[in-house]
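Q: Pasting upload_28.txt below, which is compact mmCIF, C-alpha atoms.
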```txt
# COMPACT_ATOMS: atom_id res chain seq x y z
CA MET N 459 13.19 -33.52 4.75
CA GLN N 460 12.58 -33.02 8.47
CA PHE N 461 11.31 -29.65 9.58
CA ASP N 462 13.29 -28.35 12.58
CA PHE N 463 10.60 -26.72 14.72
CA SER N 464 13.04 -26.23 17.59
CA TYR N 465 15.20 -23.90 15.49
CA ILE N 466 12.19 -21.73 14.67
CA SER N 467 11.00 -21.68 18.28
CA ARG N 468 14.43 -20.60 19.48
CA ASN N 469 14.43 -17.71 17.02
CA LEU N 470 10.83 -16.57 17.50
CA PRO N 471 11.97 -13.34 19.24
CA PHE N 472 13.91 -12.36 16.10
CA PHE N 473 10.93 -13.10 13.88
CA ALA N 474 8.71 -11.11 16.27
CA GLU N 475 11.01 -8.09 15.94
CA GLY N 476 10.90 -8.33 12.16
CA LEU N 477 7.13 -8.78 12.22
CA ALA N 478 6.73 -5.63 14.30
CA VAL N 479 8.69 -3.61 11.73
CA THR N 480 6.76 -5.16 8.84
CA VAL N 481 3.42 -4.36 10.48
CA GLU N 482 4.49 -0.80 11.30
CA LEU N 483 5.76 -0.17 7.78
CA SER N 484 2.66 -1.75 6.24
CA VAL N 485 0.12 0.14 8.35
CA ILE N 486 1.75 3.54 7.80
CA ALA N 487 2.18 2.87 4.07
CA VAL N 488 -1.47 1.83 3.75
CA LEU N 489 -2.69 4.96 5.52
CA LEU N 490 -0.44 7.28 3.52
CA SER N 491 -1.29 5.60 0.22
CA VAL N 492 -5.02 5.90 0.89
CA GLY N 493 -4.62 9.55 1.83
CA TRP N 494 -2.27 10.41 -1.04
CA GLY N 495 -4.25 8.55 -3.69
CA LEU N 496 -7.34 10.71 -3.31
CA PRO N 497 -5.82 14.11 -4.23
CA VAL N 498 -3.95 12.43 -7.10
CA ALA N 499 -7.23 10.97 -8.40
CA LEU N 500 -8.90 14.39 -8.13
CA ALA N 501 -5.94 16.01 -9.91
CA LYS N 502 -6.20 13.51 -12.75
CA GLY N 503 -9.87 14.40 -13.14
CA SER N 504 -9.20 18.13 -12.91
CA LYS N 505 -10.35 20.42 -15.70
CA ALA N 506 -7.04 22.28 -15.42
CA ARG N 507 -4.92 20.72 -18.16
CA PRO N 508 -1.50 21.27 -16.50
CA VAL N 509 -2.71 19.66 -13.27
CA GLN N 510 -4.14 16.72 -15.18
CA LEU N 511 -0.94 16.22 -17.18
CA LEU N 512 1.18 16.38 -14.03
CA ALA N 513 -0.98 13.77 -12.31
CA ASN N 514 -0.88 11.50 -15.36
CA ALA N 515 2.91 11.80 -15.61
CA TYR N 516 3.35 10.96 -11.92
CA ILE N 517 1.06 7.93 -12.14
CA GLU N 518 2.85 6.54 -15.19
CA VAL N 519 6.32 6.98 -13.68
CA ALA N 520 5.29 5.53 -10.33
CA ARG N 521 3.55 2.50 -11.83
CA ASP N 522 5.96 1.75 -14.66
CA THR N 523 9.21 1.65 -12.70
CA PRO N 524 10.10 -1.17 -10.27
CA LEU N 525 9.51 -0.46 -6.60
CA LEU N 526 12.97 -1.76 -5.71
CA VAL N 527 14.53 0.79 -8.06
CA GLN N 528 12.44 3.54 -6.46
CA ILE N 529 13.52 2.47 -2.98
CA LEU N 530 17.20 2.47 -3.95
CA PHE N 531 16.85 5.76 -5.81
CA ILE N 532 15.30 7.49 -2.80
CA TYR N 533 17.71 5.95 -0.30
CA PHE N 534 20.94 6.63 -2.17
CA GLY N 535 19.76 9.60 -4.22
CA PHE N 536 18.59 11.61 -1.26
CA ALA N 537 21.81 10.80 0.60
CA ALA N 538 23.87 12.02 -2.37
CA ALA N 539 21.82 15.23 -2.37
CA GLY N 540 22.79 15.83 1.24
CA PHE N 541 19.53 15.06 3.05
CA GLY N 542 19.55 11.30 3.36
CA LEU N 543 16.60 9.45 4.85
CA SER N 544 16.71 6.38 7.05
CA GLY N 545 16.07 3.02 5.45
CA PHE N 546 12.61 2.86 7.01
CA ALA N 547 11.67 6.35 5.80
CA SER N 548 13.03 5.67 2.31
CA ALA N 549 11.05 2.43 2.00
CA LEU N 550 7.94 4.13 3.36
CA LEU N 551 8.19 7.01 0.88
CA ALA N 552 8.70 4.65 -2.06
CA LEU N 553 5.79 2.43 -0.99
CA THR N 554 3.54 5.46 -0.60
CA LEU N 555 4.47 6.99 -3.94
CA GLN N 556 4.02 3.79 -5.94
CA HIS N 557 0.97 2.37 -4.23
CA GLY N 558 -0.58 5.83 -3.94
CA ALA N 559 -0.55 5.91 -7.75
CA TYR N 560 -2.38 2.59 -7.92
CA VAL N 561 -4.83 3.70 -5.23
CA SER N 562 -5.58 6.88 -7.18
CA GLU N 563 -6.63 4.77 -10.17
CA ILE N 564 -8.82 2.65 -7.90
CA TYR N 565 -10.48 5.80 -6.59
CA ARG N 566 -10.98 7.08 -10.12
CA SER N 567 -12.68 3.85 -11.18
CA GLY N 568 -15.01 4.27 -8.22
CA PHE N 569 -15.80 7.85 -9.19
CA VAL N 570 -16.69 7.02 -12.78
CA SER N 571 -18.91 4.15 -11.62
CA VAL N 572 -21.34 6.66 -10.11
CA SER N 573 -23.97 7.47 -12.71
CA ARG N 574 -23.87 10.85 -14.39
CA GLN N 575 -27.58 11.30 -13.64
CA GLN N 576 -26.87 11.47 -9.92
CA VAL N 577 -24.23 14.13 -10.46
CA GLU N 578 -26.58 16.11 -12.65
CA GLY N 579 -29.29 15.73 -10.03
CA GLY N 580 -26.96 17.25 -7.43
CA MET N 581 -26.18 20.13 -9.76
CA ALA N 582 -29.91 20.69 -10.35
CA LEU N 583 -30.36 20.98 -6.59
CA GLY N 584 -27.77 23.74 -6.51
CA MET N 585 -25.03 21.69 -4.85
CA SER N 586 -21.44 22.80 -5.33
CA ARG N 587 -18.81 20.51 -6.91
CA TRP N 588 -17.37 19.79 -3.46
CA GLU N 589 -20.81 18.94 -2.05
CA ILE N 590 -21.52 16.61 -4.97
CA LEU N 591 -18.18 14.90 -4.43
CA ARG N 592 -18.61 14.59 -0.66
CA ILE N 593 -22.32 13.71 -0.50
CA VAL N 594 -23.09 11.97 -3.79
CA ILE N 595 -19.93 10.47 -5.26
CA LEU N 596 -17.60 9.54 -2.37
CA PRO N 597 -20.03 7.46 -0.26
CA GLN N 598 -20.94 5.28 -3.23
CA ALA N 599 -17.43 5.11 -4.66
CA ILE N 600 -15.86 4.03 -1.37
CA VAL N 601 -18.19 1.02 -1.08
CA ARG N 602 -17.32 -0.06 -4.62
CA VAL N 603 -13.55 0.28 -4.27
CA ILE N 604 -13.18 -1.64 -1.00
CA PRO N 605 -12.32 -5.00 -2.70
CA PRO N 606 -9.59 -3.61 -5.02
CA LEU N 607 -8.24 -1.51 -2.16
CA GLY N 608 -7.97 -4.68 -0.10
CA ASN N 609 -5.90 -6.29 -2.84
CA GLN N 610 -3.69 -3.22 -2.91
CA PHE N 611 -3.18 -3.38 0.86
CA ILE N 612 -2.06 -7.00 0.57
CA GLY N 613 0.34 -5.90 -2.16
CA ILE N 614 1.78 -3.28 0.18
CA VAL N 615 2.39 -5.88 2.88
CA LYS N 616 4.23 -8.14 0.44
CA ASP N 617 6.22 -5.25 -1.02
CA THR N 618 7.60 -4.34 2.41
CA SER N 619 9.94 -7.28 1.86
CA LEU N 620 11.86 -5.12 -0.63
CA ALA N 621 12.88 -2.85 2.24
CA SER N 622 15.38 -5.57 3.19
CA ALA N 623 17.50 -4.32 0.26
CA ILE N 624 18.41 -1.24 2.30
CA ALA N 625 18.82 -3.12 5.59
CA VAL N 626 15.41 -2.41 7.10
CA VAL N 627 15.10 -5.20 9.65
CA GLU N 628 11.66 -6.48 8.68
CA VAL N 629 10.61 -10.12 8.34
CA THR N 630 12.48 -10.86 5.12
CA HIS N 631 15.68 -9.26 6.38
CA VAL N 632 15.47 -11.26 9.60
CA GLY N 633 15.06 -14.40 7.51
CA ARG N 634 18.11 -13.49 5.46
CA ILE N 635 20.22 -12.91 8.56
CA LEU N 636 19.17 -16.22 10.12
CA THR N 637 19.81 -18.07 6.85
CA GLU N 638 23.39 -16.79 6.83
CA ARG N 639 23.90 -18.00 10.39
CA ALA N 640 22.58 -21.55 10.10
CA ALA N 641 21.83 -24.29 7.58
CA ALA N 642 18.08 -24.08 8.14
CA SER N 643 17.05 -22.12 5.07
CA TYR N 644 14.00 -24.32 4.42
CA GLU N 645 12.56 -23.75 7.89
CA ILE N 646 13.29 -20.03 7.72
CA LEU N 647 11.73 -19.53 4.29
CA VAL N 648 8.62 -21.46 5.28
CA THR N 649 8.27 -19.37 8.44
CA VAL N 650 8.70 -16.10 6.54
CA ALA N 651 6.12 -17.21 3.96
CA LEU N 652 3.65 -18.18 6.70
CA ILE N 653 4.05 -14.78 8.35
CA TYR N 654 3.17 -12.98 5.10
CA LEU N 655 0.30 -15.40 4.53
CA PHE N 656 -1.02 -14.64 8.02
CA LEU N 657 -0.82 -10.88 7.49
CA SER N 658 -2.51 -11.12 4.10
CA THR N 659 -5.28 -13.26 5.55
CA VAL N 660 -5.90 -10.77 8.34
CA ILE N 661 -6.22 -7.96 5.80
CA ALA N 662 -8.56 -10.01 3.62
CA VAL N 663 -10.82 -10.75 6.60
CA LEU N 664 -10.88 -7.10 7.71
CA VAL N 665 -11.61 -5.87 4.20
CA SER N 666 -14.42 -8.41 3.78
CA TYR N 667 -15.91 -7.26 7.09
CA ALA N 668 -15.66 -3.59 6.11
CA GLU N 669 -17.26 -4.33 2.74
CA ARG N 670 -20.23 -6.06 4.39
CA ARG N 671 -20.71 -3.28 6.94
CA LEU N 672 -20.56 -0.50 4.35
CA ALA N 673 -22.85 -2.37 1.96
CA PHE N 674 -25.35 -2.92 4.78
CA SER N 675 -25.24 0.74 5.83
CA HIS N 676 -26.13 1.75 2.27
```
Output the file's structure as structure tokens, nothing else.

A:
Amino acid sequence: MQFDFSYISRNLPFFAEGLAVTVELSVIAVLLSVGWGLPVALAKGSKARPVQLLANAYIEVARDTPLLVQILFIYFGFAAAGFGLSGFASALLALTLQHGAYVSEIYRSGFVSVSRQQVEGGMALGMSRWEILRIVILPQAIVRVIPPLGNQFIGIVKDTSLASAIAVVEVTHVGRILTERAAASYEILVTVALIYLFLSTVIAVLVSYAERRLAFSH
């Protein structure tokens, strides 16, 4: 089978447009997931039973239902309720809600990895719960959760492909459109796969760099 490079080169502008949407969706989803996961993790560790139960219920629902179903539910469900979101916003909300649940569990694993003796030492010094969290627990936990967070970020990038189901013109959707127009599905699929591989590699390199810097600073 001969790979038609000329077809790909002629359609690079279309792939570039899809890549821009994929990167935008990925970056915003990563930032929101990281921000949303922390309060969820704290809620799960709360001493208030109702708050803890609510956090547990959210995490289980978010993790145990397919992301595609969540995307479709938000997109069509919100529209039926009279306040529909755009395809991009619907995909972003679904990505944030599901991956935020996974990120919260990553945070929690980092929290429990900090020895109880350090927490008790902070309490003996008269530090408040917030001060112990901010000064003792968070700095150590963040260093330890960088690798699993990196894996989660790569998962977010790959999951943006599901946004094509609601016509968000990201890389996968561009590939689908081009496949319908020409008999070059092999070239298109290889190109789409290489784009995701490139993005995942960039994230892996950045995460590895951040891990080394944070480990050195500590």

Q: Kindly indicate which residue among N:Ser544, N:Ser619, N:Ser658, N:Ser571 lies nearest to N:Leu525, using all atoms listed in the file for the distances.

A: N:Ser619

Q: For each of N:Ile595, N:Arg587, N:Ile486, N:Tyr560, take the minimum atom-to-atom distance to N:Arg574, counting all atoms listed in the file, then give the residue where this is smallest.

A: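 Comparing N:Ile595, N:Arg587, N:Ile486, N:Tyr560 against N:Arg574, the winner is N:Ile595.
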
Q: Can you work out which one of N:Ala640, N:Ala549, N:Ile593, N:Ile604 has the shortest atom-to-atom distance to N:Val626, counting only C-alpha atoms?

A: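 Closest to N:Val626, using only C-alpha atoms: N:Ala549.
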
Q: Which residues are close to N:Leu596, i.e. within 12 Å by only C-alpha atoms, leaving aside same-chain residues fewer than 2 positions away? Reply as a PyMOL selection string.

A: chain N and resi 496+500+565-572+577+587-594+598-603

Q: Would you mind exporting C-alpha atoms of the selected residues as a PDB file, keeping the file's coordinate frame?

A:
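Now in result-v2.pdb:
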```
ATOM      1  CA  LEU N 496      -7.340  10.710  -3.310  1.00  0.00           C
ATOM      2  CA  LEU N 500      -8.900  14.390  -8.130  1.00  0.00           C
ATOM      3  CA  TYR N 565     -10.480   5.800  -6.590  1.00  0.00           C
ATOM      4  CA  ARG N 566     -10.980   7.080 -10.120  1.00  0.00           C
ATOM      5  CA  SER N 567     -12.680   3.850 -11.180  1.00  0.00           C
ATOM      6  CA  GLY N 568     -15.010   4.270  -8.220  1.00  0.00           C
ATOM      7  CA  PHE N 569     -15.800   7.850  -9.190  1.00  0.00           C
ATOM      8  CA  VAL N 570     -16.690   7.020 -12.780  1.00  0.00           C
ATOM      9  CA  SER N 571     -18.910   4.150 -11.620  1.00  0.00           C
ATOM     10  CA  VAL N 572     -21.340   6.660 -10.110  1.00  0.00           C
ATOM     11  CA  VAL N 577     -24.230  14.130 -10.460  1.00  0.00           C
ATOM     12  CA  ARG N 587     -18.810  20.510  -6.910  1.00  0.00           C
ATOM     13  CA  TRP N 588     -17.370  19.790  -3.460  1.00  0.00           C
ATOM     14  CA  GLU N 589     -20.810  18.940  -2.050  1.00  0.00           C
ATOM     15  CA  ILE N 590     -21.520  16.610  -4.970  1.00  0.00           C
ATOM     16  CA  LEU N 591     -18.180  14.900  -4.430  1.00  0.00           C
ATOM     17  CA  ARG N 592     -18.610  14.590  -0.660  1.00  0.00           C
ATOM     18  CA  ILE N 593     -22.320  13.710  -0.500  1.00  0.00           C
ATOM     19  CA  VAL N 594     -23.090  11.970  -3.790  1.00  0.00           C
ATOM     20  CA  GLN N 598     -20.940   5.280  -3.230  1.00  0.00           C
ATOM     21  CA  ALA N 599     -17.430   5.110  -4.660  1.00  0.00           C
ATOM     22  CA  ILE N 600     -15.860   4.030  -1.370  1.00  0.00           C
ATOM     23  CA  VAL N 601     -18.190   1.020  -1.080  1.00  0.00           C
ATOM     24  CA  ARG N 602     -17.320  -0.060  -4.620  1.00  0.00           C
ATOM     25  CA  VAL N 603     -13.550   0.280  -4.270  1.00  0.00           C
TER      26      VAL N 603
END
```

Q: Tell me which of N:Met585, N:Val615, N:Ala668, N:Ile564 sits closest to N:Thr630, counting all atoms listed in the file.

A: N:Val615

Q: Between atom CA of N:Leu470 and atom CA of N:Ala487, what is the spacing in Å?

A: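 For atom CA of N:Ala487 relative to atom CA of N:Leu470, the distance reads 25.2 Å.
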
Q: Using all atoms of stretch 608-624 of chain N listed in the file and a margin of 5 Å per side, can you give the axis-aligned box centre and edge lengths in Å to one decimal, as lines of an AutoDock Vina configuration file?

A:
```
center_x = 5.2
center_y = -4.7
center_z = 0.1
size_x = 36.4
size_y = 16.9
size_z = 16.1
```

Q: What does the distance between atom CA of N:Arg671 and atom CA of N:Asn609 come to in Å, to one decimal place?

A: 18.0 Å

Q: If you measure from atom CA of N:Gly476 to atom CA of N:Ile614, what distance in Å do you get, rounded to one decimal?

A: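 Computing the Euclidean distance for atom CA of N:Gly476 and atom CA of N:Ile614 yields 15.9 Å.
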
Q: Could you tell me which of N:Val629, N:Leu620, N:Val663, N:Leu526 comes closest to N:Ala651 if we count all atoms listed in the file?

A: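 Residue with the minimum atom-to-atom distance to N:Ala651: N:Val629.
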
Q: In terms of the shortest atom-to-atom distance over all atoms listed in the file, which of N:Leu657, N:Leu636, N:Ala552, N:Val650 is closest to N:Ala520?

A: N:Ala552

Q: Fewer than 4 positions away in the same chain doesn't count, so skip those; otherwise give me all residues within 8 Å of N:Thr618, counting all atoms listed in the file, as a ChimeraX atom specification.

A: /N:480,483-484,549,553,614,622,628

Q: Find the residues around N:Glu518 up to 12 Å (only C-alpha atoms counted), leave out those fewer than 5 positions away in its own chain, and share them as a short mmCIF file (atom, residue, chain, number, x, y, z; two decimals) with C-alpha atoms, keeping the file's coordinate frame.

A:
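For reference, result30.cif as written:
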```
data_model
loop_
_atom_site.label_atom_id
_atom_site.label_comp_id
_atom_site.auth_asym_id
_atom_site.auth_seq_id
_atom_site.Cartn_x
_atom_site.Cartn_y
_atom_site.Cartn_z
CA LYS N 502 -6.20 13.51 -12.75
CA LEU N 511 -0.94 16.22 -17.18
CA LEU N 512 1.18 16.38 -14.03
CA ALA N 513 -0.98 13.77 -12.31
CA THR N 523 9.21 1.65 -12.70
CA PRO N 524 10.10 -1.17 -10.27
CA LEU N 555 4.47 6.99 -3.94
CA GLN N 556 4.02 3.79 -5.94
CA HIS N 557 0.97 2.37 -4.23
CA GLY N 558 -0.58 5.83 -3.94
CA ALA N 559 -0.55 5.91 -7.75
CA TYR N 560 -2.38 2.59 -7.92
CA SER N 562 -5.58 6.88 -7.18
CA GLU N 563 -6.63 4.77 -10.17
#
```

Q: Please determine the residues with any atom at most 12 Å from (14.1, -32.3, 11.6) (coordinates as given in the file, with only C-alpha atoms counting) and report them as a PyMOL selection string.

A: chain N and resi 459-466+641-642+644-645

Q: Take the selection from the previous step and output its residues with C-alpha atoms, as a short mmCIF file (atom, residue, chain, number, x, y, z; two decimals), keeping the file's coordinate frame.

A:
```cif
data_model
loop_
_atom_site.label_atom_id
_atom_site.label_comp_id
_atom_site.auth_asym_id
_atom_site.auth_seq_id
_atom_site.Cartn_x
_atom_site.Cartn_y
_atom_site.Cartn_z
CA MET N 459 13.19 -33.52 4.75
CA GLN N 460 12.58 -33.02 8.47
CA PHE N 461 11.31 -29.65 9.58
CA ASP N 462 13.29 -28.35 12.58
CA PHE N 463 10.60 -26.72 14.72
CA SER N 464 13.04 -26.23 17.59
CA TYR N 465 15.20 -23.90 15.49
CA ILE N 466 12.19 -21.73 14.67
CA ALA N 641 21.83 -24.29 7.58
CA ALA N 642 18.08 -24.08 8.14
CA TYR N 644 14.00 -24.32 4.42
CA GLU N 645 12.56 -23.75 7.89
#
```
